[in-house]
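Below is data_12.txt, which holds compact mmCIF, N, CA and C atoms.
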```txt
# COMPACT_ATOMS: atom_id res chain seq x y z
N MET R 180 104.46 121.01 90.98
CA MET R 180 103.96 119.66 90.92
C MET R 180 102.90 119.47 92.00
N GLU R 181 101.70 119.09 91.60
CA GLU R 181 100.62 118.92 92.55
C GLU R 181 100.63 117.51 93.12
N ARG R 182 100.47 117.42 94.41
CA ARG R 182 100.49 116.12 95.07
C ARG R 182 99.10 115.50 95.04
N GLU R 183 99.04 114.15 95.00
CA GLU R 183 97.77 113.44 94.98
C GLU R 183 97.02 113.63 96.29
N ALA R 184 97.69 113.58 97.37
CA ALA R 184 97.09 113.76 98.70
C ALA R 184 98.11 114.46 99.57
N SER R 185 97.60 115.22 100.52
CA SER R 185 98.55 115.90 101.40
C SER R 185 98.96 114.94 102.52
N LEU R 186 100.17 115.13 102.96
CA LEU R 186 100.69 114.28 104.03
C LEU R 186 100.43 114.94 105.38
N PRO R 187 100.22 114.14 106.40
CA PRO R 187 100.14 114.70 107.75
C PRO R 187 101.46 115.39 108.10
N ALA R 188 101.38 116.41 108.93
CA ALA R 188 102.57 117.18 109.30
C ALA R 188 103.71 116.32 109.84
N PRO R 189 103.44 115.31 110.68
CA PRO R 189 104.57 114.49 111.16
C PRO R 189 105.30 113.76 110.03
N LEU R 190 104.56 113.31 109.01
CA LEU R 190 105.21 112.64 107.89
C LEU R 190 106.02 113.63 107.06
N GLU R 191 105.51 114.86 106.91
CA GLU R 191 106.26 115.90 106.19
C GLU R 191 107.59 116.15 106.90
N ARG R 192 107.56 116.26 108.23
CA ARG R 192 108.79 116.49 109.00
C ARG R 192 109.72 115.29 108.88
N TRP R 193 109.17 114.08 108.90
CA TRP R 193 109.97 112.86 108.76
C TRP R 193 110.69 112.84 107.41
N VAL R 194 109.96 113.16 106.34
CA VAL R 194 110.57 113.18 105.00
C VAL R 194 111.61 114.28 104.90
N ASP R 195 111.32 115.46 105.45
CA ASP R 195 112.30 116.55 105.43
C ASP R 195 113.58 116.17 106.16
N ALA R 196 113.44 115.48 107.30
CA ALA R 196 114.62 115.04 108.05
C ALA R 196 115.41 114.01 107.25
N LEU R 197 114.72 113.12 106.55
CA LEU R 197 115.41 112.13 105.71
C LEU R 197 116.15 112.80 104.56
N HIS R 198 115.51 113.79 103.94
CA HIS R 198 116.17 114.53 102.85
C HIS R 198 117.42 115.24 103.37
N ALA R 199 117.31 115.84 104.53
CA ALA R 199 118.45 116.57 105.10
C ALA R 199 119.62 115.64 105.39
N ARG R 200 119.32 114.41 105.73
CA ARG R 200 120.37 113.43 106.04
C ARG R 200 120.75 112.56 104.84
N LYS R 201 120.15 112.88 103.67
CA LYS R 201 120.43 112.13 102.42
C LYS R 201 120.09 110.64 102.57
N LEU R 202 118.97 110.35 103.23
CA LEU R 202 118.54 108.97 103.45
C LEU R 202 117.32 108.60 102.61
N ASP R 203 117.16 109.25 101.46
CA ASP R 203 116.00 109.01 100.60
C ASP R 203 115.90 107.55 100.17
N ASP R 204 117.02 106.98 99.74
CA ASP R 204 117.00 105.58 99.28
C ASP R 204 116.61 104.63 100.40
N LEU R 205 117.14 104.87 101.58
CA LEU R 205 116.80 104.04 102.72
C LEU R 205 115.32 104.18 103.06
N ALA R 206 114.79 105.38 102.95
CA ALA R 206 113.37 105.60 103.23
C ALA R 206 112.51 104.82 102.24
N HIS R 207 112.90 104.83 100.96
CA HIS R 207 112.15 104.06 99.97
C HIS R 207 112.16 102.57 100.31
N LEU R 208 113.32 102.06 100.67
CA LEU R 208 113.40 100.64 101.04
C LEU R 208 112.52 100.32 102.24
N PHE R 209 112.58 101.18 103.24
CA PHE R 209 111.81 100.97 104.46
C PHE R 209 110.31 100.99 104.17
N VAL R 210 109.86 102.00 103.44
CA VAL R 210 108.43 102.11 103.12
C VAL R 210 107.99 100.97 102.21
N ASN R 211 108.83 100.61 101.23
CA ASN R 211 108.49 99.48 100.35
C ASN R 211 108.40 98.18 101.13
N PHE R 212 109.32 97.97 102.06
CA PHE R 212 109.30 96.76 102.89
C PHE R 212 107.99 96.69 103.67
N LEU R 213 107.63 97.79 104.31
CA LEU R 213 106.39 97.79 105.09
C LEU R 213 105.16 97.68 104.19
N GLN R 214 105.24 98.28 102.99
CA GLN R 214 104.12 98.22 102.07
C GLN R 214 103.89 96.80 101.57
N ILE R 215 104.96 96.06 101.33
CA ILE R 215 104.83 94.67 100.90
C ILE R 215 104.06 93.87 101.93
N TRP R 216 104.32 94.16 103.18
CA TRP R 216 103.63 93.47 104.25
C TRP R 216 102.22 94.01 104.47
N GLY R 217 101.92 95.17 103.83
CA GLY R 217 100.57 95.74 103.89
C GLY R 217 100.06 95.94 105.29
N TYR R 218 98.92 95.37 105.55
CA TYR R 218 98.26 95.51 106.84
C TYR R 218 99.16 95.01 107.97
N ALA R 219 99.87 93.91 107.73
CA ALA R 219 100.77 93.39 108.76
C ALA R 219 101.90 94.37 109.05
N GLY R 220 102.37 95.10 108.01
CA GLY R 220 103.41 96.11 108.21
C GLY R 220 102.93 97.23 109.11
N SER R 221 101.69 97.67 108.90
CA SER R 221 101.16 98.73 109.77
C SER R 221 100.96 98.20 111.19
N GLN R 222 100.54 96.95 111.30
CA GLN R 222 100.37 96.37 112.64
C GLN R 222 101.71 96.25 113.37
N LEU R 223 102.76 95.94 112.63
CA LEU R 223 104.10 95.89 113.22
C LEU R 223 104.47 97.25 113.79
N LEU R 224 104.18 98.31 113.04
CA LEU R 224 104.47 99.66 113.52
C LEU R 224 103.63 100.00 114.75
N TRP R 225 102.36 99.60 114.74
CA TRP R 225 101.52 99.86 115.92
C TRP R 225 102.09 99.17 117.16
N MET R 226 102.64 97.96 116.97
CA MET R 226 103.23 97.25 118.11
C MET R 226 104.51 97.93 118.60
N LEU R 227 105.25 98.57 117.71
CA LEU R 227 106.48 99.27 118.09
C LEU R 227 106.21 100.63 118.72
N ALA R 228 105.03 101.18 118.51
CA ALA R 228 104.71 102.54 118.95
C ALA R 228 105.02 102.80 120.43
N PRO R 229 104.67 101.92 121.36
CA PRO R 229 104.97 102.22 122.76
C PRO R 229 106.46 102.32 123.07
N PHE R 230 107.28 101.68 122.24
CA PHE R 230 108.72 101.65 122.50
C PHE R 230 109.48 102.80 121.83
N VAL R 231 109.00 103.27 120.69
CA VAL R 231 109.71 104.33 119.96
C VAL R 231 108.96 105.66 119.97
N GLY R 232 107.78 105.68 120.50
CA GLY R 232 107.00 106.91 120.60
C GLY R 232 105.86 106.94 119.60
N ASP R 233 104.68 107.18 120.12
CA ASP R 233 103.49 107.21 119.27
C ASP R 233 103.59 108.24 118.16
N THR R 234 104.12 109.42 118.45
CA THR R 234 104.16 110.48 117.45
C THR R 234 105.12 110.16 116.32
N THR R 235 106.05 109.27 116.55
CA THR R 235 107.01 108.88 115.52
C THR R 235 106.42 107.86 114.57
N VAL R 236 105.74 106.89 115.10
CA VAL R 236 105.31 105.72 114.32
C VAL R 236 103.86 105.81 113.84
N THR R 237 102.99 106.43 114.61
CA THR R 237 101.57 106.45 114.29
C THR R 237 101.26 106.99 112.90
N PRO R 238 101.82 108.14 112.48
CA PRO R 238 101.49 108.63 111.14
C PRO R 238 101.90 107.67 110.02
N LEU R 239 103.04 107.01 110.18
CA LEU R 239 103.48 106.06 109.16
C LEU R 239 102.59 104.83 109.14
N ALA R 240 102.19 104.35 110.31
CA ALA R 240 101.27 103.20 110.37
C ALA R 240 99.94 103.55 109.71
N GLU R 241 99.44 104.75 109.97
CA GLU R 241 98.19 105.18 109.34
C GLU R 241 98.36 105.31 107.83
N ALA R 242 99.50 105.78 107.38
CA ALA R 242 99.75 105.92 105.94
C ALA R 242 99.74 104.56 105.25
N LEU R 243 100.27 103.55 105.91
CA LEU R 243 100.29 102.21 105.32
C LEU R 243 98.89 101.63 105.15
N GLU R 244 97.96 102.14 105.92
CA GLU R 244 96.58 101.66 105.83
C GLU R 244 95.77 102.46 104.82
N ASP R 245 96.34 103.53 104.26
CA ASP R 245 95.63 104.39 103.31
C ASP R 245 96.45 104.50 102.03
N PRO R 246 96.01 103.88 100.93
CA PRO R 246 96.79 103.88 99.69
C PRO R 246 97.10 105.28 99.15
N GLN R 247 96.17 106.22 99.26
CA GLN R 247 96.42 107.58 98.76
C GLN R 247 97.55 108.25 99.54
N THR R 248 97.52 108.13 100.84
CA THR R 248 98.57 108.73 101.66
C THR R 248 99.91 108.05 101.39
N LEU R 249 99.89 106.74 101.19
CA LEU R 249 101.12 106.01 100.91
C LEU R 249 101.71 106.45 99.57
N ASN R 250 100.86 106.64 98.56
CA ASN R 250 101.34 107.14 97.27
C ASN R 250 101.90 108.54 97.40
N ALA R 251 101.25 109.37 98.21
CA ALA R 251 101.75 110.73 98.44
C ALA R 251 103.10 110.69 99.17
N LEU R 252 103.26 109.75 100.10
CA LEU R 252 104.53 109.61 100.81
C LEU R 252 105.64 109.22 99.85
N HIS R 253 105.38 108.25 98.99
CA HIS R 253 106.38 107.86 97.99
C HIS R 253 106.75 109.03 97.09
N ALA R 254 105.74 109.78 96.65
CA ALA R 254 105.99 110.94 95.78
C ALA R 254 106.82 111.99 96.51
N ARG R 255 106.50 112.23 97.77
CA ARG R 255 107.22 113.26 98.56
C ARG R 255 108.67 112.85 98.78
N ILE R 256 108.91 111.55 99.02
CA ILE R 256 110.29 111.08 99.20
C ILE R 256 111.05 111.24 97.89
N THR R 257 110.41 110.95 96.78
CA THR R 257 111.04 111.02 95.47
C THR R 257 111.37 112.46 95.07
N GLU R 258 110.56 113.42 95.51
CA GLU R 258 110.79 114.83 95.16
C GLU R 258 112.19 115.30 95.48
N GLY R 259 112.72 114.88 96.58
CA GLY R 259 114.03 115.36 97.01
C GLY R 259 115.16 114.41 96.66
N ALA R 260 114.83 113.29 96.03
CA ALA R 260 115.86 112.29 95.72
C ALA R 260 116.72 112.79 94.55
N PRO R 261 118.02 112.60 94.65
CA PRO R 261 118.90 113.02 93.55
C PRO R 261 118.72 112.13 92.33
N GLY R 262 118.89 112.73 91.14
CA GLY R 262 118.84 111.98 89.90
C GLY R 262 117.49 111.57 89.56
```
Here is the file; what I need is its structure written in the form of structure tokens.
Amino acid sequence: MEREASLPAPLERWVDALHARKLDDLAHLFVNFLQIWGYAGSQLLWMLAPFVGDTTVTPLAEALEDPQTLNALHARITEGAPG
């Protein structure tokens, strides 16, 4: 299955960690919640960055600002989801 856009390495690791912990559904809810808020959702993540670590939040905030990357993130999360 060919992906629409490649994900940055930190997002790939984030998705792999979620798959390993069977948190795919929670990841979908989290990304959908932030996506609904759109630009404000990414700004929320930028504000949290100093407290949770730039390397953790920055790639996700950037993905929310880029529709292709966001679609690729949803597809990547879905790849490992059961059923």
Checklist entry - Taking the backbone alone, and naming residues the way the document does, which bits of chain R are helix (DSSP H, G or I) by DSSP, as a PyMOL selection string? => result chain R and resi 188-199+203-216+218-231+233-243+246-258
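In this model, the gap between CA of Asp233 (chain R) and CA of Lys201 (chain R) comes to 24.4 Å.
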Item to check | Test item: residues at most 12 Å from Asn211 (chain R), only C-alpha atoms, excluding those fewer than 4 positions along its chain, as a list in words | outcome: Asp204, Leu205, Ala206, His207, Ile215, Trp216, Gly217, Gly220, Ser221, Leu243, Leu249, Asn250, Leu252, His253 and Ile256 of chain R
Item to check | Residue among R:Tyr218, R:Ala254, R:Leu190, R:His198 lying closest to Pro238 (chain R), counting only N, CA and C atoms | outcome: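 Ranked by minimum distance to Pro238 (chain R), first place goes to R:Leu190.
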Checklist entry - Pick from R:Thr257, R:Gln247, R:Thr237, R:Ser185: nearest to Leu224 (chain R), with all atoms listed in the file counted? => result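 With all atoms listed in the file as the atom set, the closest residue is R:Thr237.
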Kindly provide, as AutoDock Vina command-line options, the centre and edge lengths (Å, one decimal) of an axis-aligned box around all atoms of region 187-190 of chain R given in the file, with 4 Å on each side.
```
--center_x 103.1 --center_y 114.9 --center_z 108.8 --size_x 13.9 --size_y 12.5 --size_z 12.8
```
Checklist entry - Between CA of Glu258 (chain R) and CA of Leu227 (chain R), what is the distance, to one decimal in Å? => result 28.0 Å
Checklist entry - So how many Å separate CA of Thr248 (chain R) and CA of Val194 (chain R), to one decimal? => result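 Atom-to-atom, CA of Thr248 (chain R) to CA of Val194 (chain R), that is 13.2 Å.
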Provide region 182-205 of chain R of the preceding structure as a file containing N, CA and C atoms, as a PDB file, in the first residue's frame.
```
ATOM      1  N   ARG R 182       1.724   5.118   0.425  1.00  0.00           N
ATOM      2  CA  ARG R 182       1.233   6.224   1.245  1.00  0.00           C
ATOM      3  C   ARG R 182       1.196   7.500   0.424  1.00  0.00           C
ATOM      4  N   GLU R 183       0.236   8.395   0.748  1.00  0.00           N
ATOM      5  CA  GLU R 183       0.098   9.666   0.047  1.00  0.00           C
ATOM      6  C   GLU R 183       1.309  10.558   0.302  1.00  0.00           C
ATOM      7  N   ALA R 184       1.771  10.612   1.488  1.00  0.00           N
ATOM      8  CA  ALA R 184       2.937  11.421   1.862  1.00  0.00           C
ATOM      9  C   ALA R 184       3.687  10.666   2.938  1.00  0.00           C
ATOM     10  N   SER R 185       4.986  10.885   2.969  1.00  0.00           N
ATOM     11  CA  SER R 185       5.752  10.198   4.003  1.00  0.00           C
ATOM     12  C   SER R 185       5.678  11.017   5.294  1.00  0.00           C
ATOM     13  N   LEU R 186       5.735  10.307   6.379  1.00  0.00           N
ATOM     14  CA  LEU R 186       5.681  10.963   7.689  1.00  0.00           C
ATOM     15  C   LEU R 186       7.090  11.249   8.177  1.00  0.00           C
ATOM     16  N   PRO R 187       7.249  12.325   8.918  1.00  0.00           N
ATOM     17  CA  PRO R 187       8.549  12.563   9.564  1.00  0.00           C
ATOM     18  C   PRO R 187       8.867  11.416  10.522  1.00  0.00           C
ATOM     19  N   ALA R 188      10.138  11.144  10.700  1.00  0.00           N
ATOM     20  CA  ALA R 188      10.571  10.034  11.556  1.00  0.00           C
ATOM     21  C   ALA R 188       9.974  10.082  12.962  1.00  0.00           C
ATOM     22  N   PRO R 189       9.886  11.258  13.605  1.00  0.00           N
ATOM     23  CA  PRO R 189       9.284  11.265  14.952  1.00  0.00           C
ATOM     24  C   PRO R 189       7.827  10.806  14.954  1.00  0.00           C
ATOM     25  N   LEU R 190       7.073  11.154  13.914  1.00  0.00           N
ATOM     26  CA  LEU R 190       5.679  10.709  13.846  1.00  0.00           C
ATOM     27  C   LEU R 190       5.600   9.208  13.590  1.00  0.00           C
ATOM     28  N   GLU R 191       6.514   8.677  12.775  1.00  0.00           N
ATOM     29  CA  GLU R 191       6.559   7.231  12.547  1.00  0.00           C
ATOM     30  C   GLU R 191       6.796   6.506  13.869  1.00  0.00           C
ATOM     31  N   ARG R 192       7.750   6.996  14.665  1.00  0.00           N
ATOM     32  CA  ARG R 192       8.040   6.376  15.967  1.00  0.00           C
ATOM     33  C   ARG R 192       6.841   6.507  16.902  1.00  0.00           C
ATOM     34  N   TRP R 193       6.165   7.652  16.878  1.00  0.00           N
ATOM     35  CA  TRP R 193       4.986   7.877  17.708  1.00  0.00           C
ATOM     36  C   TRP R 193       3.890   6.874  17.358  1.00  0.00           C
ATOM     37  N   VAL R 194       3.634   6.694  16.063  1.00  0.00           N
ATOM     38  CA  VAL R 194       2.601   5.746  15.625  1.00  0.00           C
ATOM     39  C   VAL R 194       2.999   4.316  15.978  1.00  0.00           C
ATOM     40  N   ASP R 195       4.269   3.967  15.781  1.00  0.00           N
ATOM     41  CA  ASP R 195       4.729   2.619  16.137  1.00  0.00           C
ATOM     42  C   ASP R 195       4.554   2.351  17.630  1.00  0.00           C
ATOM     43  N   ALA R 196       4.851   3.350  18.462  1.00  0.00           N
ATOM     44  CA  ALA R 196       4.674   3.193  19.911  1.00  0.00           C
ATOM     45  C   ALA R 196       3.198   3.021  20.258  1.00  0.00           C
ATOM     46  N   LEU R 197       2.327   3.755  19.583  1.00  0.00           N
ATOM     47  CA  LEU R 197       0.883   3.612  19.821  1.00  0.00           C
ATOM     48  C   LEU R 197       0.390   2.235  19.405  1.00  0.00           C
ATOM     49  N   HIS R 198       0.873   1.748  18.260  1.00  0.00           N
ATOM     50  CA  HIS R 198       0.495   0.398  17.812  1.00  0.00           C
ATOM     51  C   HIS R 198       0.950  -0.653  18.823  1.00  0.00           C
ATOM     52  N   ALA R 199       2.164  -0.498  19.317  1.00  0.00           N
ATOM     53  CA  ALA R 199       2.705  -1.464  20.275  1.00  0.00           C
ATOM     54  C   ALA R 199       1.888  -1.498  21.564  1.00  0.00           C
ATOM     55  N   ARG R 200       1.333  -0.367  21.929  1.00  0.00           N
ATOM     56  CA  ARG R 200       0.536  -0.275  23.162  1.00  0.00           C
ATOM     57  C   ARG R 200      -0.962  -0.448  22.911  1.00  0.00           C
ATOM     58  N   LYS R 201      -1.320  -0.747  21.648  1.00  0.00           N
ATOM     59  CA  LYS R 201      -2.736  -0.952  21.258  1.00  0.00           C
ATOM     60  C   LYS R 201      -3.588   0.291  21.549  1.00  0.00           C
ATOM     61  N   LEU R 202      -3.030   1.471  21.260  1.00  0.00           N
ATOM     62  CA  LEU R 202      -3.730   2.730  21.503  1.00  0.00           C
ATOM     63  C   LEU R 202      -4.169   3.409  20.205  1.00  0.00           C
ATOM     64  N   ASP R 203      -4.414   2.614  19.167  1.00  0.00           N
ATOM     65  CA  ASP R 203      -4.791   3.163  17.867  1.00  0.00           C
ATOM     66  C   ASP R 203      -6.062   3.998  17.938  1.00  0.00           C
ATOM     67  N   ASP R 204      -7.076   3.482  18.626  1.00  0.00           N
ATOM     68  CA  ASP R 204      -8.348   4.204  18.725  1.00  0.00           C
ATOM     69  C   ASP R 204      -8.175   5.534  19.443  1.00  0.00           C
ATOM     70  N   LEU R 205      -7.399   5.519  20.513  1.00  0.00           N
ATOM     71  CA  LEU R 205      -7.145   6.746  21.252  1.00  0.00           C
ATOM     72  C   LEU R 205      -6.386   7.749  20.378  1.00  0.00           C
TER      73      LEU R 205
END
```
